[in-house]
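> The following block contains the structure, expressed as structure tokens.
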Amino acid sequence: MDLIDIPATPRETTILELREFSRRLVRELGFMRTTLAGSDLAPSAVHAVIEIGMAPGISAKDLGNILRLDKSNTSRQVARLEAGGLVKRTVSTDDARSSELYLTPAGQKLRKKIDQFATDQVSNALRRVVPEDQQALVRFLALYADALAQDNAVKTPSGGAEATRILEGYQPGCIGDVASLHARFYSERWGFGAFFEKKVATELAEFAGALPAEGKALWLYSENGRALASLAIDGNNETGIAHLRWFIVDDSLRGSGVGRQLMSHAMRFVDERFSETYLWTFKGLDAARHLYESFDFRLTSESEGTQWGTKVVEQRFSRRSA
């Protein structure tokens with residue numbers, strides 16, 4: 001069979017086509033309207049409700065980073081949602097100077113309505129796409145969205161760019177960085193040794209080497225090419241159950257909201273694919289437990305064990321997808 005070289009589409013043509021498709025997506029998804037998703041809210045408010053629902057306890061600063069809103073616009077948005085009885089604030093348990101945002105019962109009800117609207121919208125569209133093209137569509141949209149996010153990360157001023165430094169997938173050097181984060185933290189506080197560091201490095205290397213893979217994902221918070229926080233989802237498509245693994249945040253980022261952002265990415269990922277998510281930890285990690293429980297994880301079992309190389313009270317937490 002002869003191989004025929006198909007002339008590449010000029011870059012200028014590709015740019016124009018992507019711009020046109022982007023405008024069409026904005027119009028068809030309803031972002032040009034004054035309200036969105038069958039609600040009485042503006043598009044930015046709808047997205048705020050979704051993000052707060054995905055990350056209960058999120059700070060206004062982190063919400064603004066995710067939505068690409070400045071401080072004043074974020075404050076006005078949150079104030080309007082509060083006035084509408086959809087959002088409530090509570091004083092942060094980690095920092096009394098900041099507050100945490102939660103949906104009220106009315107806000108949760110609205111979020112479910114928005115989710116159903118969006119699910120129906122996507123489902124109806126997919127009926128017009130043949131099955132073999134659906135996964136390609138998801139992959140290429142993800143590539144496009146990631147490319148836009150990375151470009152925005154470069155343009156975002158320092159001091160308010162925590163969300164834009166979160167990268168998905170394997171990054172060179174991340175296996176050593178993440179293993180080192182685990183080793184230092186658990187050695188200093190719990191006396192874990194070489195067995196634990198080797199276990200993390202070996203299992204993470206095997207996991208990362210298989211990426212990209214269906215139902216599996218790795219998120220990293222990176223500064224200057226070094227991973228300072230991580231979280232992975234190791235999902236089983238046959239059972240519909242996902243395993244949350246390698247969640248660690250460097251001490252320098254404590255209280256920055258990076259851990260909550262990583263959890264938000266992960267919960268959005270699992271809610272679209274799996275019915276249940278579980279994680280293993282051990283008794284005494286109170287700050288981590290508080291974060292897990294804010295995302296609806298619940299303790300399901302605990303017993304003494306040595307899977308980390310040291311005897312601890314191992315705990316299993318589980319969460320049903322929304």
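Please note that chains go A, B, ... in the order of the structure tokens, that every chain numbers its residues from 1, and that ligands are numbered from 1 in the order shown.
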Taking only C-alpha atoms into account, produce a table as a Markdown table in which each residue of range 238-322 of chain A with an atom at most 9 Å from an atom of range 163-181 of chain A appears once, together with its shortest atom pair and the distance in Å to one decimal, ordered by chain and rising number.


| residue | atom | partner | partner_atom | distance |
| --- | --- | --- | --- | --- |
| A:Trp246 | CA | A:Val178 | CA | 7.8 |
| A:Ile248 | CA | A:Leu181 | CA | 7.1 |
| A:Val249 | CA | A:Leu181 | CA | 7.7 |
| A:Asp250 | CA | A:Leu181 | CA | 6.6 |
| A:Val258 | CA | A:Ala163 | CA | 7.4 |
| A:Gln261 | CA | A:Ala163 | CA | 7.0 |
| A:Leu262 | CA | A:Ile166 | CA | 7.7 |

> Quick one: write out the picked residues with N, CA and C atoms as a compact mmCIF listing (two decimals), in the first residue's frame?


# COMPACT_ATOMS: atom_id res chain seq x y z
N TRP A 246 -1.54 8.81 47.52
CA TRP A 246 -0.39 9.72 47.47
C TRP A 246 -0.80 11.19 47.62
N ILE A 248 -0.34 14.40 49.50
CA ILE A 248 0.66 15.00 50.37
C ILE A 248 0.84 16.47 49.98
N VAL A 249 1.04 17.33 50.98
CA VAL A 249 1.27 18.76 50.74
C VAL A 249 2.47 19.19 51.56
N ASP A 250 3.43 19.85 50.92
CA ASP A 250 4.63 20.30 51.61
C ASP A 250 4.27 21.28 52.72
N VAL A 258 -4.02 24.69 48.75
CA VAL A 258 -3.61 23.80 47.67
C VAL A 258 -4.18 22.40 47.86
N GLN A 261 -7.70 22.35 46.75
CA GLN A 261 -7.79 22.41 45.30
C GLN A 261 -7.53 21.04 44.66
N LEU A 262 -6.51 20.34 45.17
CA LEU A 262 -6.23 19.01 44.66
C LEU A 262 -7.42 18.08 44.88

> According to DSSP computed on the backbone, where in range 50-150 of chain A is there alpha helix (DSSP H)? Give the residues as a VMD selection string.

chain A and resid 50 to 54 60 to 67 71 to 83 105 to 126 131 to 150

> Just list the residues in range 105-265 of chain A DSSP gives strand (DSSP E) on the backbone, as a PDB file with N, CA, C and O atoms, in the first residue's frame.


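Generated output (out20.pdb):
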ATOM      1  N   ILE A 166      -1.274  23.852  39.353  1.00  0.00           N
ATOM      2  CA  ILE A 166      -1.651  22.448  39.457  1.00  0.00           C
ATOM      3  C   ILE A 166      -1.648  21.831  38.065  1.00  0.00           C
ATOM      4  O   ILE A 166      -2.364  22.272  37.172  1.00  0.00           O
ATOM      5  N   LEU A 167      -0.807  20.828  37.882  1.00  0.00           N
ATOM      6  CA  LEU A 167      -0.649  20.153  36.599  1.00  0.00           C
ATOM      7  C   LEU A 167      -1.181  18.737  36.706  1.00  0.00           C
ATOM      8  O   LEU A 167      -1.110  18.115  37.760  1.00  0.00           O
ATOM      9  N   GLU A 168      -1.693  18.226  35.608  1.00  0.00           N
ATOM     10  CA  GLU A 168      -2.217  16.852  35.595  1.00  0.00           C
ATOM     11  C   GLU A 168      -1.289  15.947  34.810  1.00  0.00           C
ATOM     12  O   GLU A 168      -0.775  16.320  33.754  1.00  0.00           O
ATOM     13  N   LYS A 216      -7.666   6.718  35.658  1.00  0.00           N
ATOM     14  CA  LYS A 216      -6.529   7.009  36.533  1.00  0.00           C
ATOM     15  C   LYS A 216      -6.035   8.428  36.256  1.00  0.00           C
ATOM     16  O   LYS A 216      -6.024   8.869  35.100  1.00  0.00           O
ATOM     17  N   ALA A 217      -5.622   9.119  37.305  1.00  0.00           N
ATOM     18  CA  ALA A 217      -5.159  10.498  37.128  1.00  0.00           C
ATOM     19  C   ALA A 217      -4.207  10.871  38.257  1.00  0.00           C
ATOM     20  O   ALA A 217      -4.301  10.346  39.372  1.00  0.00           O
ATOM     21  N   LEU A 218      -3.305  11.792  37.950  1.00  0.00           N
ATOM     22  CA  LEU A 218      -2.339  12.301  38.921  1.00  0.00           C
ATOM     23  C   LEU A 218      -2.293  13.820  38.791  1.00  0.00           C
ATOM     24  O   LEU A 218      -2.178  14.347  37.686  1.00  0.00           O
ATOM     25  N   TRP A 219      -2.430  14.502  39.938  1.00  0.00           N
ATOM     26  CA  TRP A 219      -2.331  15.964  39.954  1.00  0.00           C
ATOM     27  C   TRP A 219      -1.142  16.371  40.825  1.00  0.00           C
ATOM     28  O   TRP A 219      -0.903  15.789  41.886  1.00  0.00           O
ATOM     29  N   LEU A 220      -0.427  17.392  40.367  1.00  0.00           N
ATOM     30  CA  LEU A 220       0.757  17.870  41.078  1.00  0.00           C
ATOM     31  C   LEU A 220       0.696  19.384  41.186  1.00  0.00           C
ATOM     32  O   LEU A 220       0.314  20.072  40.237  1.00  0.00           O
ATOM     33  N   TYR A 221       1.064  19.899  42.353  1.00  0.00           N
ATOM     34  CA  TYR A 221       1.277  21.331  42.496  1.00  0.00           C
ATOM     35  C   TYR A 221       2.772  21.551  42.358  1.00  0.00           C
ATOM     36  O   TYR A 221       3.567  20.990  43.116  1.00  0.00           O
ATOM     37  N   SER A 222       3.161  22.370  41.380  1.00  0.00           N
ATOM     38  CA  SER A 222       4.576  22.499  41.057  1.00  0.00           C
ATOM     39  C   SER A 222       5.034  23.948  41.106  1.00  0.00           C
ATOM     40  O   SER A 222       4.314  24.853  40.675  1.00  0.00           O
ATOM     41  N   GLU A 223       6.214  24.157  41.637  1.00  0.00           N
ATOM     42  CA  GLU A 223       6.871  25.463  41.617  1.00  0.00           C
ATOM     43  C   GLU A 223       8.302  25.275  41.133  1.00  0.00           C
ATOM     44  O   GLU A 223       9.037  24.446  41.672  1.00  0.00           O
ATOM     45  N   ARG A 226       9.461  21.749  40.493  1.00  0.00           N
ATOM     46  CA  ARG A 226       9.499  20.781  41.591  1.00  0.00           C
ATOM     47  C   ARG A 226       8.099  20.571  42.147  1.00  0.00           C
ATOM     48  O   ARG A 226       7.378  21.532  42.416  1.00  0.00           O
ATOM     49  N   ALA A 227       7.690  19.314  42.301  1.00  0.00           N
ATOM     50  CA  ALA A 227       6.374  18.988  42.850  1.00  0.00           C
ATOM     51  C   ALA A 227       6.382  19.189  44.364  1.00  0.00           C
ATOM     52  O   ALA A 227       7.200  18.602  45.073  1.00  0.00           O
ATOM     53  N   LEU A 228       5.472  20.032  44.864  1.00  0.00           N
ATOM     54  CA  LEU A 228       5.356  20.306  46.288  1.00  0.00           C
ATOM     55  C   LEU A 228       4.074  19.736  46.887  1.00  0.00           C
ATOM     56  O   LEU A 228       3.861  19.842  48.095  1.00  0.00           O
ATOM     57  N   ALA A 229       3.227  19.160  46.066  1.00  0.00           N
ATOM     58  CA  ALA A 229       1.996  18.526  46.545  1.00  0.00           C
ATOM     59  C   ALA A 229       1.510  17.572  45.468  1.00  0.00           C
ATOM     60  O   ALA A 229       1.775  17.775  44.273  1.00  0.00           O
ATOM     61  N   SER A 230       0.796  16.541  45.894  1.00  0.00           N
ATOM     62  CA  SER A 230       0.320  15.552  44.922  1.00  0.00           C
ATOM     63  C   SER A 230      -0.955  14.874  45.410  1.00  0.00           C
ATOM     64  O   SER A 230      -1.257  14.874  46.611  1.00  0.00           O
ATOM     65  N   LEU A 231      -1.678  14.306  44.462  1.00  0.00           N
ATOM     66  CA  LEU A 231      -2.846  13.467  44.749  1.00  0.00           C
ATOM     67  C   LEU A 231      -3.117  12.638  43.507  1.00  0.00           C
ATOM     68  O   LEU A 231      -3.031  13.156  42.383  1.00  0.00           O
ATOM     69  N   ALA A 232      -3.446  11.376  43.695  1.00  0.00           N
ATOM     70  CA  ALA A 232      -3.729  10.490  42.563  1.00  0.00           C
ATOM     71  C   ALA A 232      -5.047   9.758  42.777  1.00  0.00           C
ATOM     72  O   ALA A 232      -5.450   9.498  43.913  1.00  0.00           O
ATOM     73  N   ILE A 233      -5.700   9.442  41.680  1.00  0.00           N
ATOM     74  CA  ILE A 233      -6.884   8.586  41.685  1.00  0.00           C
ATOM     75  C   ILE A 233      -6.561   7.349  40.866  1.00  0.00           C
ATOM     76  O   ILE A 233      -6.194   7.444  39.695  1.00  0.00           O
ATOM     77  N   ASP A 234      -6.667   6.199  41.518  1.00  0.00           N
ATOM     78  CA  ASP A 234      -6.404   4.910  40.879  1.00  0.00           C
ATOM     79  C   ASP A 234      -7.741   4.175  40.800  1.00  0.00           C
ATOM     80  O   ASP A 234      -8.166   3.521  41.753  1.00  0.00           O
ATOM     81  N   GLY A 235      -8.433   4.333  39.673  1.00  0.00           N
ATOM     82  CA  GLY A 235      -9.792   3.813  39.547  1.00  0.00           C
ATOM     83  C   GLY A 235      -9.870   2.464  38.862  1.00  0.00           C
ATOM     84  O   GLY A 235      -9.040   2.135  38.007  1.00  0.00           O
ATOM     85  N   ASN A 236     -10.867   1.686  39.244  1.00  0.00           N
ATOM     86  CA  ASN A 236     -11.138   0.394  38.629  1.00  0.00           C
ATOM     87  C   ASN A 236     -12.467   0.498  37.897  1.00  0.00           C
ATOM     88  O   ASN A 236     -13.528   0.576  38.522  1.00  0.00           O
ATOM     89  N   ILE A 241     -15.137   1.517  41.454  1.00  0.00           N
ATOM     90  CA  ILE A 241     -14.582   2.027  42.710  1.00  0.00           C
ATOM     91  C   ILE A 241     -13.197   2.620  42.450  1.00  0.00           C
ATOM     92  O   ILE A 241     -12.392   2.048  41.714  1.00  0.00           O
ATOM     93  N   ALA A 242     -12.931   3.772  43.059  1.00  0.00           N
ATOM     94  CA  ALA A 242     -11.648   4.454  42.890  1.00  0.00           C
ATOM     95  C   ALA A 242     -10.892   4.505  44.204  1.00  0.00           C
ATOM     96  O   ALA A 242     -11.491   4.577  45.281  1.00  0.00           O
ATOM     97  N   HIS A 243      -9.576   4.500  44.117  1.00  0.00           N
ATOM     98  CA  HIS A 243      -8.690   4.559  45.277  1.00  0.00           C
ATOM     99  C   HIS A 243      -7.955   5.896  45.246  1.00  0.00           C
ATOM    100  O   HIS A 243      -7.246   6.199  44.276  1.00  0.00           O
ATOM    101  N   LEU A 244      -8.107   6.712  46.268  1.00  0.00           N
ATOM    102  CA  LEU A 244      -7.388   7.983  46.375  1.00  0.00           C
ATOM    103  C   LEU A 244      -6.033   7.688  47.026  1.00  0.00           C
ATOM    104  O   LEU A 244      -5.970   7.137  48.116  1.00  0.00           O
ATOM    105  N   ARG A 245      -4.938   8.100  46.366  1.00  0.00           N
ATOM    106  CA  ARG A 245      -3.598   7.739  46.834  1.00  0.00           C
ATOM    107  C   ARG A 245      -2.633   8.922  46.768  1.00  0.00           C
ATOM    108  O   ARG A 245      -2.853   9.893  46.059  1.00  0.00           O
ATOM    109  N   TRP A 246      -1.541   8.811  47.521  1.00  0.00           N
ATOM    110  CA  TRP A 246      -0.390   9.723  47.475  1.00  0.00           C
ATOM    111  C   TRP A 246      -0.795  11.193  47.625  1.00  0.00           C
ATOM    112  O   TRP A 246      -0.321  12.065  46.898  1.00  0.00           O
ATOM    113  N   PHE A 247      -1.669  11.448  48.605  1.00  0.00           N
ATOM    114  CA  PHE A 247      -2.065  12.825  48.883  1.00  0.00           C
ATOM    115  C   PHE A 247      -1.103  13.401  49.909  1.00  0.00           C
ATOM    116  O   PHE A 247      -1.033  12.935  51.046  1.00  0.00           O
ATOM    117  N   ILE A 248      -0.337  14.396  49.497  1.00  0.00           N
ATOM    118  CA  ILE A 248       0.663  15.004  50.368  1.00  0.00           C
ATOM    119  C   ILE A 248       0.835  16.471  49.978  1.00  0.00           C
ATOM    120  O   ILE A 248       0.754  16.818  48.800  1.00  0.00           O
ATOM    121  N   VAL A 249       1.038  17.333  50.975  1.00  0.00           N
ATOM    122  CA  VAL A 249       1.268  18.758  50.739  1.00  0.00           C
ATOM    123  C   VAL A 249       2.475  19.191  51.557  1.00  0.00           C
ATOM    124  O   VAL A 249       2.549  18.904  52.758  1.00  0.00           O
TER     125      VAL A 249
END

> Could you name the residues that touch range 309-316 of chain A at 10 Å or less, counting only C-alpha atoms, but leaving out those on the same chain fewer than 5 positions away, as a list in words?

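Using only C-alpha atoms, the neighbours found are Trp190, Gly191, Phe192, Gly193, Ala194, Phe195, Phe196, Glu197, Lys199, Tyr278, Leu279, Trp280, Thr281, Phe282, Lys283, Gly284, Phe297, Arg298, Leu299, Thr300, Ser301, Glu302, Ser303 and Glu304 of chain A.
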
> Which polymer residues have any atom within 12 Å of an atom of Glu51 in chain A, counting only C-alpha atoms, with same-chain residues fewer than 2 positions away left out, as number ranges by chain?

A: 44-49, 53-60, 62-67, 78, 87, 101-103, 107-108, 111, 114-115, 260-261, 263-265, 267-268

> To one decimal place in Å, what is the distance between CA of Pro43 in chain A and CA of Val122 in chain A?

17.0 Å

> Nearest to Gly257 in chain A: which of A:Lys61, A:Arg139, A:Val200, A:Arg320 is it, counting only C-alpha atoms?

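Of A:Lys61, A:Arg139, A:Val200, A:Arg320, the one nearest Gly257 in chain A is A:Lys61, counting only C-alpha atoms.
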
> Which residues come within 10 Å of range 17-31 of chain A, counting only C-alpha atoms, excluding same-chain residues fewer than 5 positions away, as a PyMOL selection string?

chain A and resi 11-12+36-38+42-44+118+121-122+144

> Next, dump the selected residues to file, keeping only N, CA, C and O atoms, as a short mmCIF file (atom, residue, chain, number, x, y, z; two decimals), in the first residue's frame.


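Below is the file that was written, out-v4.cif:
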data_model
loop_
_atom_site.label_atom_id
_atom_site.label_comp_id
_atom_site.auth_asym_id
_atom_site.auth_seq_id
_atom_site.Cartn_x
_atom_site.Cartn_y
_atom_site.Cartn_z
N ARG A 11 -1.25 26.68 10.20
CA ARG A 11 -1.52 27.03 11.60
C ARG A 11 -2.56 28.14 11.70
O ARG A 11 -3.40 28.13 12.60
N GLU A 12 -2.51 29.11 10.78
CA GLU A 12 -3.47 30.21 10.83
C GLU A 12 -4.90 29.70 10.65
O GLU A 12 -5.84 30.19 11.29
N LEU A 36 -28.19 30.88 33.35
CA LEU A 36 -27.57 29.67 32.83
C LEU A 36 -28.11 28.43 33.51
O LEU A 36 -28.49 28.47 34.69
N ALA A 37 -28.15 27.33 32.76
CA ALA A 37 -28.48 25.99 33.28
C ALA A 37 -29.86 25.93 33.93
O ALA A 37 -30.05 25.27 34.95
N GLY A 38 -30.83 26.62 33.35
CA GLY A 38 -32.19 26.55 33.87
C GLY A 38 -32.37 27.20 35.22
O GLY A 38 -33.36 26.96 35.91
N ALA A 42 -26.62 34.19 36.89
CA ALA A 42 -25.70 34.47 35.79
C ALA A 42 -24.69 33.33 35.68
O ALA A 42 -24.47 32.59 36.65
N PRO A 43 -24.06 33.17 34.51
CA PRO A 43 -23.09 32.08 34.34
C PRO A 43 -22.01 32.02 35.42
O PRO A 43 -21.69 30.94 35.92
N SER A 44 -21.44 33.17 35.80
CA SER A 44 -20.37 33.13 36.81
C SER A 44 -20.90 32.65 38.15
O SER A 44 -20.21 31.94 38.89
N ALA A 118 -27.05 20.07 33.23
CA ALA A 118 -25.82 19.88 32.46
C ALA A 118 -25.67 18.44 31.98
O ALA A 118 -25.25 18.19 30.85
N GLN A 121 -27.95 17.94 29.08
CA GLN A 121 -27.44 18.67 27.92
C GLN A 121 -26.33 17.87 27.22
O GLN A 121 -26.34 17.70 25.99
N VAL A 122 -25.39 17.36 28.01
CA VAL A 122 -24.29 16.59 27.43
C VAL A 122 -24.78 15.25 26.89
O VAL A 122 -24.38 14.81 25.81
N TYR A 144 -7.19 20.47 24.86
CA TYR A 144 -7.41 21.88 24.56
C TYR A 144 -7.56 22.68 25.86
O TYR A 144 -6.95 23.75 26.03
#

> Mind pulling up the distance from CA of Ser321 in chain A to CA of Glu272 in chain A?

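Computing it gives 8.4 Å between the two atoms.
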
> Which value, in Å to one decimal, gives the distance between CA of Glu214 in chain A and CA of Ile50 in chain A?

24.5 Å
